[in-house]
>>> print(open('input-v1.cif').read())   # mmCIF, C-alpha atoms
data_query
#
loop_
_atom_site.label_atom_id
_atom_site.label_comp_id
_atom_site.auth_asym_id
_atom_site.auth_seq_id
_atom_site.Cartn_x
_atom_site.Cartn_y
_atom_site.Cartn_z
CA MET A 1 38.49 -9.34 -13.16
CA SER A 2 38.86 -5.96 -11.56
CA GLY A 3 36.29 -3.47 -10.47
CA GLN A 4 33.24 -3.80 -8.38
CA ILE A 5 29.66 -2.76 -8.76
CA GLY A 6 26.96 -1.91 -6.22
CA PHE A 7 24.26 -4.57 -6.12
CA LYS A 8 20.87 -4.08 -4.51
CA VAL A 9 17.61 -6.01 -4.41
CA VAL A 10 14.66 -3.87 -3.37
CA THR A 11 11.30 -5.42 -2.48
CA PRO A 12 8.11 -3.77 -1.22
CA GLU A 13 9.27 -4.82 2.25
CA GLY A 14 12.44 -2.77 1.97
CA THR A 15 15.97 -3.36 0.75
CA ALA A 16 16.52 -7.12 0.95
CA VAL A 17 20.09 -7.43 -0.29
CA GLU A 18 22.79 -4.77 -0.55
CA LYS A 19 26.43 -5.48 -1.30
CA THR A 20 29.23 -4.92 -3.77
CA VAL A 21 29.89 -7.60 -6.36
CA SER A 22 32.20 -8.12 -9.28
CA PHE A 23 29.87 -10.14 -11.47
CA THR A 24 26.13 -10.81 -11.69
CA LYS A 25 24.11 -13.22 -13.76
CA LEU A 26 20.43 -12.47 -14.42
CA MET A 27 17.64 -14.35 -16.15
CA SER A 28 16.03 -11.94 -18.57
CA ILE A 29 12.89 -13.03 -20.41
CA THR A 30 15.00 -13.40 -23.53
CA GLY A 31 17.85 -15.30 -21.91
CA GLU A 32 20.71 -15.17 -19.50
CA ILE A 33 22.65 -11.93 -19.09
CA GLY A 34 25.99 -11.47 -17.37
CA VAL A 35 26.78 -8.05 -15.95
CA THR A 36 30.24 -6.83 -15.13
CA PRO A 37 31.20 -3.34 -13.91
CA SER A 38 30.88 -0.52 -16.50
CA HIS A 39 28.23 -2.41 -18.40
CA THR A 40 26.15 -0.36 -20.83
CA PRO A 41 23.12 1.04 -18.98
CA MET A 42 20.27 -1.34 -19.37
CA LEU A 43 16.73 -2.01 -18.30
CA VAL A 44 15.79 -5.66 -18.21
CA ILE A 45 12.59 -7.54 -17.45
CA LEU A 46 13.37 -10.64 -15.41
CA LYS A 47 11.61 -13.95 -15.59
CA PRO A 48 11.17 -16.30 -12.63
CA GLY A 49 14.54 -17.79 -12.00
CA LYS A 50 18.05 -17.61 -10.82
CA LEU A 51 20.03 -14.60 -9.84
CA MET A 52 23.70 -15.16 -9.19
CA THR A 53 26.27 -12.81 -7.77
CA ARG A 54 30.00 -13.25 -7.42
CA ASP A 55 31.91 -11.00 -5.08
CA ILE A 56 35.56 -9.98 -5.07
CA ASN A 57 36.59 -13.16 -3.27
CA ALA A 58 34.91 -15.23 -5.96
CA THR A 59 32.21 -16.33 -3.51
CA GLU A 60 29.04 -17.08 -5.42
CA THR A 61 25.58 -16.55 -3.99
CA THR A 62 22.44 -17.76 -5.71
CA TYR A 63 18.99 -16.25 -5.25
CA PHE A 64 15.55 -16.87 -6.60
CA VAL A 65 13.37 -14.02 -7.85
CA PRO A 66 9.75 -14.62 -8.97
CA GLU A 67 9.83 -11.75 -11.50
CA GLY A 68 11.10 -8.23 -11.58
CA VAL A 69 12.96 -5.49 -13.32
CA ALA A 70 16.70 -4.88 -13.26
CA HIS A 71 18.07 -1.41 -13.69
CA ILE A 72 21.73 -1.45 -14.63
CA THR A 73 23.89 1.64 -14.74
CA LYS A 74 27.66 1.80 -15.00
CA LYS A 75 28.07 1.71 -11.25
CA THR A 76 24.95 0.05 -9.85
CA ILE A 77 22.59 -2.83 -10.37
CA THR A 78 19.18 -2.37 -8.81
CA ILE A 79 16.71 -5.22 -8.93
CA MET A 80 13.11 -4.62 -8.14
CA ALA A 81 11.20 -7.76 -7.25
CA PRO A 82 8.15 -8.73 -5.18
CA PHE A 83 10.44 -10.87 -3.04
CA VAL A 84 13.82 -12.56 -3.13
CA GLU A 85 14.96 -15.86 -1.61
CA GLU A 86 18.49 -16.94 -1.05
CA LYS A 87 19.11 -20.47 -2.34
CA LYS A 88 20.00 -21.90 1.04
CA THR A 89 16.79 -20.61 2.63
CA ILE A 90 14.49 -22.24 0.08
CA ASP A 91 12.51 -25.03 1.69
CA GLN A 92 12.33 -27.90 -0.77
CA LYS A 93 9.22 -29.46 0.74
CA ARG A 94 7.37 -26.19 0.68
CA ALA A 95 8.45 -25.47 -2.87
CA GLU A 96 7.28 -28.92 -3.97
CA ALA A 97 3.99 -28.49 -2.15
CA ALA A 98 3.47 -25.15 -3.91
CA LYS A 99 4.13 -26.81 -7.26
CA GLN A 100 1.72 -29.64 -6.47
CA ARG A 101 -0.94 -27.16 -5.41
CA ALA A 102 -0.58 -25.17 -8.62
CA GLU A 103 -0.74 -28.35 -10.73
CA ASP A 104 -3.89 -29.51 -8.97
CA ARG A 105 -5.48 -26.17 -9.51
CA ILE A 106 -4.78 -26.26 -13.23
CA LYS A 107 -5.92 -29.90 -13.64
CA LYS A 108 -9.16 -29.52 -11.70
CA PRO A 109 -10.15 -25.90 -11.95
CA LYS A 110 -12.89 -24.80 -9.59
CA LYS A 111 -15.27 -22.01 -10.39
CA GLU A 112 -13.29 -19.39 -8.50
CA THR A 113 -9.89 -20.54 -9.80
CA ASP A 114 -7.90 -17.94 -11.65
CA THR A 115 -6.17 -20.09 -14.28
CA ALA A 116 -3.69 -17.46 -15.36
CA ARG A 117 -2.65 -16.99 -11.76
CA ALA A 118 -2.34 -20.70 -11.17
CA LYS A 119 -0.19 -21.07 -14.26
CA ALA A 120 2.03 -18.21 -13.12
CA SER A 121 2.47 -19.82 -9.72
CA LEU A 122 3.29 -23.16 -11.34
CA ILE A 123 6.03 -21.55 -13.42
CA ARG A 124 7.27 -19.81 -10.31
CA ALA A 125 7.32 -23.03 -8.31
CA GLU A 126 9.10 -24.97 -11.05
CA ASN A 127 11.77 -22.33 -11.37
CA ARG A 128 12.26 -22.14 -7.65
CA LEU A 129 12.89 -25.88 -7.60
CA LYS A 130 15.24 -25.53 -10.53
CA VAL A 131 17.28 -22.96 -8.64
CA LEU A 132 17.41 -25.30 -5.69
CA LEU A 133 18.19 -28.57 -7.39
CA LYS A 134 20.46 -27.55 -10.24
CA ASP A 135 23.59 -25.77 -9.42
CA MET B 1 -30.65 19.00 42.84
CA ALA B 2 -29.99 15.99 40.65
CA ASN B 3 -31.03 12.55 41.72
CA LEU B 4 -28.09 10.89 43.50
CA ARG B 5 -28.55 7.47 42.02
CA GLU B 6 -28.83 8.82 38.48
CA VAL B 7 -25.59 10.78 38.82
CA LYS B 8 -23.83 7.74 40.21
CA GLN B 9 -24.98 5.63 37.26
CA ARG B 10 -23.73 8.23 34.83
CA ILE B 11 -20.33 8.29 36.50
CA VAL B 12 -20.11 4.51 36.20
CA SER B 13 -21.07 4.58 32.53
CA VAL B 14 -18.66 7.40 31.66
CA LYS B 15 -15.88 5.51 33.43
CA LYS B 16 -16.63 2.48 31.28
CA THR B 17 -16.56 4.59 28.13
CA LYS B 18 -13.23 6.02 29.20
CA LYS B 19 -11.80 2.54 29.59
CA ILE B 20 -12.95 1.66 26.08
CA THR B 21 -11.62 4.82 24.46
CA SER B 22 -8.26 4.55 26.16
CA ALA B 23 -7.96 0.91 25.07
CA MET B 24 -8.88 1.89 21.53
CA LYS B 25 -6.26 4.59 21.65
CA MET B 26 -3.60 2.07 22.59
CA VAL B 27 -4.69 -0.34 19.86
CA ALA B 28 -4.64 2.49 17.33
CA ALA B 29 -1.20 3.54 18.53
CA SER B 30 0.29 0.10 17.96
CA LYS B 31 -1.43 -0.30 14.58
CA PHE B 32 -0.25 3.16 13.69
CA ARG B 33 3.35 2.30 14.47
CA ARG B 34 3.19 -0.81 12.34
CA ALA B 35 1.54 1.06 9.46
CA GLN B 36 4.17 3.75 9.63
CA GLU B 37 6.98 1.20 9.48
CA ARG B 38 5.45 -0.30 6.36
CA VAL B 39 5.10 3.12 4.75
CA THR B 40 8.81 3.77 5.34
CA LYS B 41 9.79 0.43 3.82
CA ALA B 42 7.47 0.83 0.86
CA LYS B 43 8.96 4.25 0.21
CA LEU B 44 12.39 2.67 -0.33
CA TYR B 45 10.94 0.53 -3.08
CA GLY B 46 8.98 3.43 -4.53
CA ASP B 47 12.09 5.61 -4.51
CA ALA B 48 14.14 2.96 -6.32
CA LEU B 49 11.43 2.70 -8.99
CA GLY B 50 11.23 6.49 -9.13
CA ASN B 51 15.00 6.71 -9.70
CA MET B 52 14.69 4.25 -12.50
CA ILE B 53 11.94 6.29 -14.14
CA ASN B 54 13.86 9.54 -13.71
CA ASP B 55 16.89 7.95 -15.29
CA LEU B 56 14.66 6.90 -18.17
CA SER B 57 12.96 10.21 -18.73
CA ALA B 58 16.35 11.79 -19.44
CA ARG B 59 16.97 9.44 -22.31
CA LEU B 60 13.55 8.79 -23.69
CA SER B 61 12.79 10.00 -27.18
CA PRO B 62 9.10 10.43 -27.88
CA ASN B 63 8.63 7.60 -30.34
CA ASN B 64 7.48 4.02 -29.82
CA LEU B 65 6.08 4.86 -26.43
CA PRO B 66 3.78 2.50 -24.60
CA SER B 67 0.18 3.68 -24.51
CA LEU B 68 0.44 4.24 -20.75
CA LEU B 69 2.24 7.50 -21.45
CA GLU B 70 -0.25 8.69 -24.04
CA PRO B 71 -3.62 10.26 -23.25
CA GLY B 72 -6.26 7.55 -23.10
CA ARG B 73 -8.55 6.99 -26.03
CA GLY B 74 -11.67 6.43 -23.96
CA THR B 75 -14.19 9.03 -22.86
CA LYS B 76 -14.84 7.49 -19.46
CA GLU B 77 -12.75 8.22 -16.41
CA ALA B 78 -11.94 5.97 -13.50
CA ILE B 79 -11.45 7.16 -9.94
CA ILE B 80 -9.88 5.00 -7.27
CA LEU B 81 -10.91 6.22 -3.84
CA ILE B 82 -9.25 5.02 -0.65
CA THR B 83 -11.19 5.46 2.59
CA GLY B 84 -11.14 3.79 5.99
CA ASP B 85 -13.10 0.68 6.89
CA ARG B 86 -14.21 1.88 10.28
CA GLY B 87 -15.26 5.09 11.97
CA LEU B 88 -14.30 6.66 15.30
CA CYS B 89 -11.36 8.42 13.76
CA GLY B 90 -12.40 12.05 13.80
CA GLY B 91 -12.88 13.77 10.47
CA PHE B 92 -10.67 11.33 8.57
CA ASN B 93 -13.36 9.61 6.54
CA SER B 94 -15.68 12.56 6.10
CA ASN B 95 -12.86 14.75 4.79
CA ILE B 96 -11.78 12.31 2.12
CA ILE B 97 -15.38 11.56 1.11
CA LYS B 98 -16.11 15.27 0.86
CA LYS B 99 -13.09 15.65 -1.40
CA ALA B 100 -14.21 12.74 -3.59
CA LYS B 101 -17.74 14.15 -3.89
CA ARG B 102 -16.31 17.48 -4.95
CA VAL B 103 -14.15 15.84 -7.61
CA ILE B 104 -17.11 13.84 -8.92
CA ALA B 105 -19.32 16.94 -8.98
CA ASP B 106 -16.67 18.82 -10.98
CA LYS B 107 -16.77 16.11 -13.63
CA LYS B 108 -20.50 15.85 -13.97
CA ASP B 109 -20.35 15.75 -17.76
CA THR B 110 -18.07 12.72 -17.78
CA ASP B 111 -18.97 9.09 -17.26
CA ILE B 112 -17.15 8.02 -14.10
CA ASP B 113 -16.33 4.54 -12.89
CA LEU B 114 -15.58 4.35 -9.19
CA ILE B 115 -13.29 1.87 -7.53
CA LEU B 116 -13.96 2.14 -3.83
CA ILE B 117 -11.46 0.77 -1.35
CA GLY B 118 -12.74 0.96 2.21
CA ASN B 119 -16.12 0.44 3.81
CA LYS B 120 -16.87 4.10 4.49
CA GLY B 121 -16.53 5.16 0.88
CA ASN B 122 -18.77 2.27 -0.13
CA GLN B 123 -21.47 3.34 2.30
CA GLN B 124 -21.46 6.98 1.41
CA LEU B 125 -20.88 7.13 -2.32
CA LYS B 126 -23.71 4.80 -3.30
CA ASN B 127 -25.89 7.58 -4.58
CA GLU B 128 -23.38 9.59 -6.51
CA ASN B 129 -23.73 10.17 -10.22
CA ALA B 130 -21.22 7.45 -11.07
CA THR B 131 -20.97 3.72 -11.68
CA ILE B 132 -19.35 1.64 -8.97
CA ARG B 133 -17.07 -0.73 -10.83
CA ASP B 134 -15.43 -2.37 -7.89
CA SER B 135 -15.70 -2.17 -4.12
CA ILE B 136 -13.14 -3.58 -1.77
CA ILE B 137 -13.76 -3.89 1.95
CA GLY B 138 -11.44 -5.12 4.65
CA LEU B 139 -8.11 -4.50 2.96
CA ALA B 140 -6.04 -3.82 6.06
CA GLY B 141 -2.91 -4.81 7.91
CA ASP B 142 -1.05 -7.73 6.40
CA LEU B 143 -3.63 -8.08 3.64
CA ILE B 144 -2.22 -4.99 1.96
CA THR B 145 0.24 -6.64 -0.42
CA GLU B 146 1.44 -5.99 -3.88
CA SER B 147 -0.59 -8.88 -5.25
CA ALA B 148 -3.77 -7.66 -3.55
CA ILE B 149 -3.31 -4.23 -5.10
CA GLU B 150 -2.39 -5.80 -8.43
CA LYS B 151 -5.72 -7.63 -8.49
CA ILE B 152 -7.55 -4.33 -8.13
CA VAL B 153 -5.47 -2.15 -10.41
CA ALA B 154 -4.32 -4.52 -13.18
CA PRO B 155 -7.77 -4.76 -14.88
CA LEU B 156 -7.94 -0.96 -14.93
CA VAL B 157 -4.55 -0.68 -16.60
CA THR B 158 -5.59 -3.27 -19.21
CA ASP B 159 -8.82 -1.39 -19.89
CA TYR B 160 -6.86 1.83 -20.22
CA ILE B 161 -4.58 0.26 -22.81
CA ASN B 162 -7.62 -1.13 -24.66
CA GLY B 163 -9.15 2.33 -24.84
CA ALA B 164 -11.92 2.16 -22.25
CA TYR B 165 -10.69 5.06 -20.15
CA GLY B 166 -9.30 8.48 -20.88
CA LYS B 167 -7.88 9.04 -17.45
CA ILE B 168 -7.43 7.22 -14.18
CA THR B 169 -7.23 9.18 -10.94
CA LEU B 170 -6.42 8.17 -7.39
CA ILE B 171 -7.86 9.96 -4.36
CA TYR B 172 -6.40 9.17 -0.96
CA SER B 173 -5.37 10.68 2.36
CA GLU B 174 -1.71 11.43 2.58
CA PHE B 175 -0.17 11.06 5.98
CA VAL B 176 1.51 14.28 7.09
CA SER B 177 1.63 13.87 10.86
CA VAL B 178 -0.52 12.29 13.54
CA LEU B 179 -2.59 15.44 13.70
CA THR B 180 -2.78 16.34 10.03
CA THR B 181 -3.65 14.46 6.89
CA GLN B 182 -3.85 15.84 3.42
CA GLU B 183 -6.44 14.73 0.89
CA VAL B 184 -4.64 14.14 -2.38
CA GLU B 185 -5.89 13.75 -5.94
CA LYS B 186 -3.27 12.12 -8.12
CA GLN B 187 -3.37 11.29 -11.81
CA LEU B 188 -2.29 7.70 -12.38
CA LEU B 189 -2.81 7.41 -16.12
CA PRO B 190 -1.72 8.78 -18.53
CA PHE B 191 1.48 8.51 -16.58
CA GLU B 192 3.32 11.81 -16.26
CA LEU B 193 7.09 11.68 -16.40
CA LYS B 194 8.93 14.38 -14.52
CA ASP B 195 10.84 16.87 -16.73
CA TRP B 196 9.91 15.11 -19.89
CA PRO B 197 10.43 15.30 -22.81
CA SER B 198 13.88 16.51 -21.91
CA GLU B 199 15.82 18.56 -24.40
CA THR B 200 18.85 16.35 -24.67
CA VAL B 201 17.82 12.88 -25.64
CA THR B 202 20.53 10.27 -25.68
CA ASP B 203 18.86 7.10 -26.72
CA ALA B 204 21.95 5.46 -28.08
CA ASP B 205 23.75 4.15 -25.02
CA PHE B 206 20.87 2.33 -23.45
CA ILE B 207 19.71 -1.20 -23.91
CA TYR B 208 16.13 -2.29 -23.30
CA GLU B 209 15.68 -6.00 -22.89
CA PRO B 210 13.45 -7.30 -24.59
CA SER B 211 12.18 -4.02 -26.13
CA LYS B 212 11.68 -0.42 -25.16
CA GLU B 213 7.92 -0.58 -25.31
CA ALA B 214 7.67 -3.75 -23.27
CA VAL B 215 10.15 -2.64 -20.63
CA LEU B 216 8.54 0.76 -20.17
CA GLU B 217 5.12 -0.76 -19.94
CA ALA B 218 6.29 -3.21 -17.30
CA VAL B 219 8.10 -0.58 -15.26
CA ILE B 220 5.30 1.97 -15.38
CA THR B 221 2.70 -0.66 -14.51
CA LYS B 222 4.84 -1.69 -11.56
CA LEU B 223 5.18 1.92 -10.50
CA ILE B 224 1.44 2.41 -10.68
CA PHE B 225 0.84 -0.63 -8.46
CA GLN B 226 3.42 0.76 -6.11
CA ILE B 227 1.77 4.20 -6.01
CA VAL B 228 -1.59 2.65 -5.13
CA LEU B 229 0.02 0.35 -2.56
CA GLN B 230 1.84 3.24 -0.95
CA ALA B 231 -1.37 5.30 -0.97
CA GLN B 232 -3.25 2.49 0.76
CA LEU B 233 -0.51 2.15 3.37
CA GLU B 234 -0.37 5.90 3.93
CA SER B 235 -4.10 6.07 4.19
CA LYS B 236 -4.06 3.34 6.86
CA ALA B 237 -1.33 5.13 8.79
CA ALA B 238 -3.29 8.37 8.57
CA GLU B 239 -6.47 6.60 9.67
CA GLU B 240 -4.85 5.04 12.72
CA GLY B 241 -3.14 8.34 13.52
CA ALA B 242 -6.48 10.13 13.33
CA ARG B 243 -8.11 7.44 15.47
CA MET B 244 -5.33 7.76 18.01
CA THR B 245 -5.87 11.51 18.31
CA ALA B 246 -9.65 11.17 18.36
CA MET B 247 -9.55 8.52 21.08
CA ASP B 248 -6.99 10.50 23.05
CA SER B 249 -9.24 13.53 23.17
CA ALA B 250 -12.26 11.31 23.88
CA THR B 251 -10.39 9.90 26.89
CA ASP B 252 -9.53 13.42 28.04
CA ASN B 253 -13.14 14.48 27.66
CA ALA B 254 -14.30 11.47 29.65
CA SER B 255 -11.88 12.35 32.49
CA GLU B 256 -13.21 15.89 32.47
CA MET B 257 -16.77 14.63 32.55
CA ILE B 258 -16.05 12.26 35.41
CA LYS B 259 -14.58 15.16 37.36
CA ASP B 260 -17.63 17.35 36.76
CA LEU B 261 -20.03 14.53 37.57
CA THR B 262 -18.17 13.65 40.79
CA LEU B 263 -18.42 17.28 41.84
CA LEU B 264 -22.12 17.26 41.05
CA PHE B 265 -22.53 13.99 42.94
CA ASN B 266 -20.77 15.33 46.04
CA ARG B 267 -22.76 18.54 45.94
CA SER B 268 -26.05 16.69 45.63
CA ARG B 269 -25.11 14.37 48.46
CA GLN B 270 -24.19 17.34 50.64
CA ALA B 271 -27.43 19.03 49.76
CA ALA B 272 -29.36 15.89 50.66
CA ILE B 273 -27.58 15.65 54.02
CA THR B 274 -28.24 19.31 54.74
CA THR B 275 -31.90 18.86 53.91
CA GLU B 276 -32.15 15.82 56.18
CA LEU B 277 -30.40 17.65 59.01
CA THR B 278 -32.69 20.63 58.66
CA GLU B 279 -35.67 18.29 58.77
CA ILE B 280 -34.37 16.51 61.89
CA VAL B 281 -33.63 19.79 63.64
CA ALA B 282 -37.00 21.16 62.65
CA GLY B 283 -38.70 17.94 63.84
CA ALA B 284 -36.86 18.07 67.17
CA ALA B 285 -37.74 21.75 67.59
CA SER B 286 -41.42 21.04 67.02
CA LEU B 287 -41.40 18.46 69.85
CA ASN B 288 -40.40 21.06 72.44
#
>>> encode(input="input-v1.cif", output="structure tokens")
Amino acid sequence: MSGQIGFKVVTPEGTAVEKTVSFTKLMSITGEIGVTPSHTPMLVILKPGKLMTRDINATETTYFVPEGVAHITKKTITIMAPFVEEKKTIDQKRAEAAKQRAEDRIKKPKKETDTARAKASLIRAENRLKVLLKD
Amino acid sequence: MANLREVKQRIVSVKKTKKITSAMKMVAASKFRRAQERVTKAKLYGDALGNMINDLSARLSPNNLPSLLEPGRGTKEAIILITGDRGLCGGFNSNIIKKAKRVIADKKDTDIDLILIGNKGNQQLKNENATIRDSIIGLAGDLITESAIEKIVAPLVTDYINGAYGKITLIYSEFVSVLTTQEVEKQLLPFELKDWPSETVTDADFIYEPSKEAVLEAVITKLIFQIVLQAQLESKAAEEGARMTAMDSATDNASEMIKDLTLLFNRSRQAAITTELTEIVAGAASLN
């Protein structure tokens, strides 16, 4: 596969990832999308899940994004997300604890519990674990 | 001549004040630096979102638009006002509150809902001709996050879509430099796209996933959160900048005052000594 494309993940804390890649796989809310250079311009809403990039040396890097929007032009991919985690930096214990916490909150809601928020964080935690445990 | 002991006490107290103001200046300076860093970072994100929106506005045909781009159906208006939590920062708070009062007075025929971020705005806009829908105090430093802002703004966006509001405005202090801030009134909703509708619409070569309406709504909502977040960060930077300047001049004034008081103290002491001497000499002369 020839050609490369600029890849960038921008979070409110600044540009988190910036590199050139030859292939990217995103999780859109309707399913998985693969992006190669000169892809038709696209605007995609992302769901919590995996983000994979492959660079020119066929090295694959996997990230986790909690949600976001991807803006794809012929030459660039820009992903806007609240935060991004590289697979190898995800702490399994912490991720499991977050999942547990969210489950508890949904099972035994207190008065001040925001159920929608708890559910969102459960989905986030589950997907983070999925990124970590599956390939 | 002034009482020696009184002057001495004043010097001591002014010196203490000077210590406090110079410490506050240093604290403000470090907070200011941090706030400024965050503003710079947030701008990167805002710019990326802005690019996305600009790219969109060139290819957007005016059908099937999300309601965030259309004028609101409601008659009420919402105003989000960002002020500081604390004082001792010169005219920072009073300027922004003055601006807000002017805006509210201009819209006296409209029902206004206020969303007040910052303690000072909460204290001073209690008696305005408007309903206070939400008041947020203590949103500072690391607490300013996207999710914190989302909690405040998301209900407003939902209400706008459901037809409760006709317009949502944001009033905040824009950071220009340490010495100057600009009070800004910005329309959040309906969202205004730059150069739109553009004359050449090419809708064909663009894919929206899952759908145009949903994507636009998500992106614009995100951009609105980002605008408010950036405004809050800028306002904090401006506040700390203003506090830094105010405390700097307070420290200068204290030094000046100490100088004047020391002069007064020395003069009074000299006068007292002269008086005593005269008395002694006069006493000695009377003995002869």
>>> closest_residue(input="input-v1.cif", among="B:Thr75, B:Glu146, B:Gly141, B:Gln226", to="Glu37 in chain B", atoms="all atoms listed in the file")
B:Gly141
>>> atom_distance(input="input-v1.cif", atom1="CA of Arg33 in chain B", atom2="CA of Ala250 in chain B")
20.3 Å
>>> resolve_selection(input="input-v1.cif", expression="the PyMOL selection byres ((chain B and resi 139) around 12)", output="MDAnalysis selection string")
chainID B and resid 82:86 116:119 135:138 140:149 152 229 232:233 235:236
>>> resolve_selection(input="input-v1.cif", expression="the PyMOL selection byres ((chain A and resi 24) around 8)", output="PyMOL selection string")
chain A and resi 21-23+25-26+34-36+51-54
>>> resolve_selection(input="input-v1.cif", expression="the PyMOL selection byres ((chain A) within 10 of (chain B))", output="PyMOL selection string")
chain A and resi 8-15+28-31+33+40-46+68-73+78-82
>>> write_last_selection(input="input-v1.cif", atoms="C-alpha atoms", output="PDB file, keeping the file's coordinate frame")
ATOM      1  CA  LYS A   8      20.870  -4.080  -4.510  1.00  0.00           C
ATOM      2  CA  VAL A   9      17.610  -6.010  -4.410  1.00  0.00           C
ATOM      3  CA  VAL A  10      14.660  -3.870  -3.370  1.00  0.00           C
ATOM      4  CA  THR A  11      11.300  -5.420  -2.480  1.00  0.00           C
ATOM      5  CA  PRO A  12       8.110  -3.770  -1.220  1.00  0.00           C
ATOM      6  CA  GLU A  13       9.270  -4.820   2.250  1.00  0.00           C
ATOM      7  CA  GLY A  14      12.440  -2.770   1.970  1.00  0.00           C
ATOM      8  CA  THR A  15      15.970  -3.360   0.750  1.00  0.00           C
ATOM      9  CA  SER A  28      16.030 -11.940 -18.570  1.00  0.00           C
ATOM     10  CA  ILE A  29      12.890 -13.030 -20.410  1.00  0.00           C
ATOM     11  CA  THR A  30      15.000 -13.400 -23.530  1.00  0.00           C
ATOM     12  CA  GLY A  31      17.850 -15.300 -21.910  1.00  0.00           C
ATOM     13  CA  ILE A  33      22.650 -11.930 -19.090  1.00  0.00           C
ATOM     14  CA  THR A  40      26.150  -0.360 -20.830  1.00  0.00           C
ATOM     15  CA  PRO A  41      23.120   1.040 -18.980  1.00  0.00           C
ATOM     16  CA  MET A  42      20.270  -1.340 -19.370  1.00  0.00           C
ATOM     17  CA  LEU A  43      16.730  -2.010 -18.300  1.00  0.00           C
ATOM     18  CA  VAL A  44      15.790  -5.660 -18.210  1.00  0.00           C
ATOM     19  CA  ILE A  45      12.590  -7.540 -17.450  1.00  0.00           C
ATOM     20  CA  LEU A  46      13.370 -10.640 -15.410  1.00  0.00           C
ATOM     21  CA  GLY A  68      11.100  -8.230 -11.580  1.00  0.00           C
ATOM     22  CA  VAL A  69      12.960  -5.490 -13.320  1.00  0.00           C
ATOM     23  CA  ALA A  70      16.700  -4.880 -13.260  1.00  0.00           C
ATOM     24  CA  HIS A  71      18.070  -1.410 -13.690  1.00  0.00           C
ATOM     25  CA  ILE A  72      21.730  -1.450 -14.630  1.00  0.00           C
ATOM     26  CA  THR A  73      23.890   1.640 -14.740  1.00  0.00           C
ATOM     27  CA  THR A  78      19.180  -2.370  -8.810  1.00  0.00           C
ATOM     28  CA  ILE A  79      16.710  -5.220  -8.930  1.00  0.00           C
ATOM     29  CA  MET A  80      13.110  -4.620  -8.140  1.00  0.00           C
ATOM     30  CA  ALA A  81      11.200  -7.760  -7.250  1.00  0.00           C
ATOM     31  CA  PRO A  82       8.150  -8.730  -5.180  1.00  0.00           C
TER      32      PRO A  82
END
>>> residues_around(input="input-v1.cif", residues="range 58-66 of chain A", least_positions_apart="4", cutoff="9 Å", atoms="all atoms listed in the file", output="number ranges by chain")
A: 22, 46-54, 81-88, 90, 121, 124-125, 127-128, 131-132, 135
>>> atom_distance(input="input-v1.cif", atom1="CA of Val178 in chain B", atom2="CA of Asn253 in chain B")
19.1 Å
>>> closest_residue(input="input-v1.cif", among="A:Lys99, A:Lys111, A:Arg94, A:Ile77", to="His39 in chain A", atoms="all atoms listed in the file")
A:Ile77
>>> atom_distance(input="input-v1.cif", atom1="CA of Ile280 in chain B", atom2="CA of Phe265 in chain B")
22.5 Å
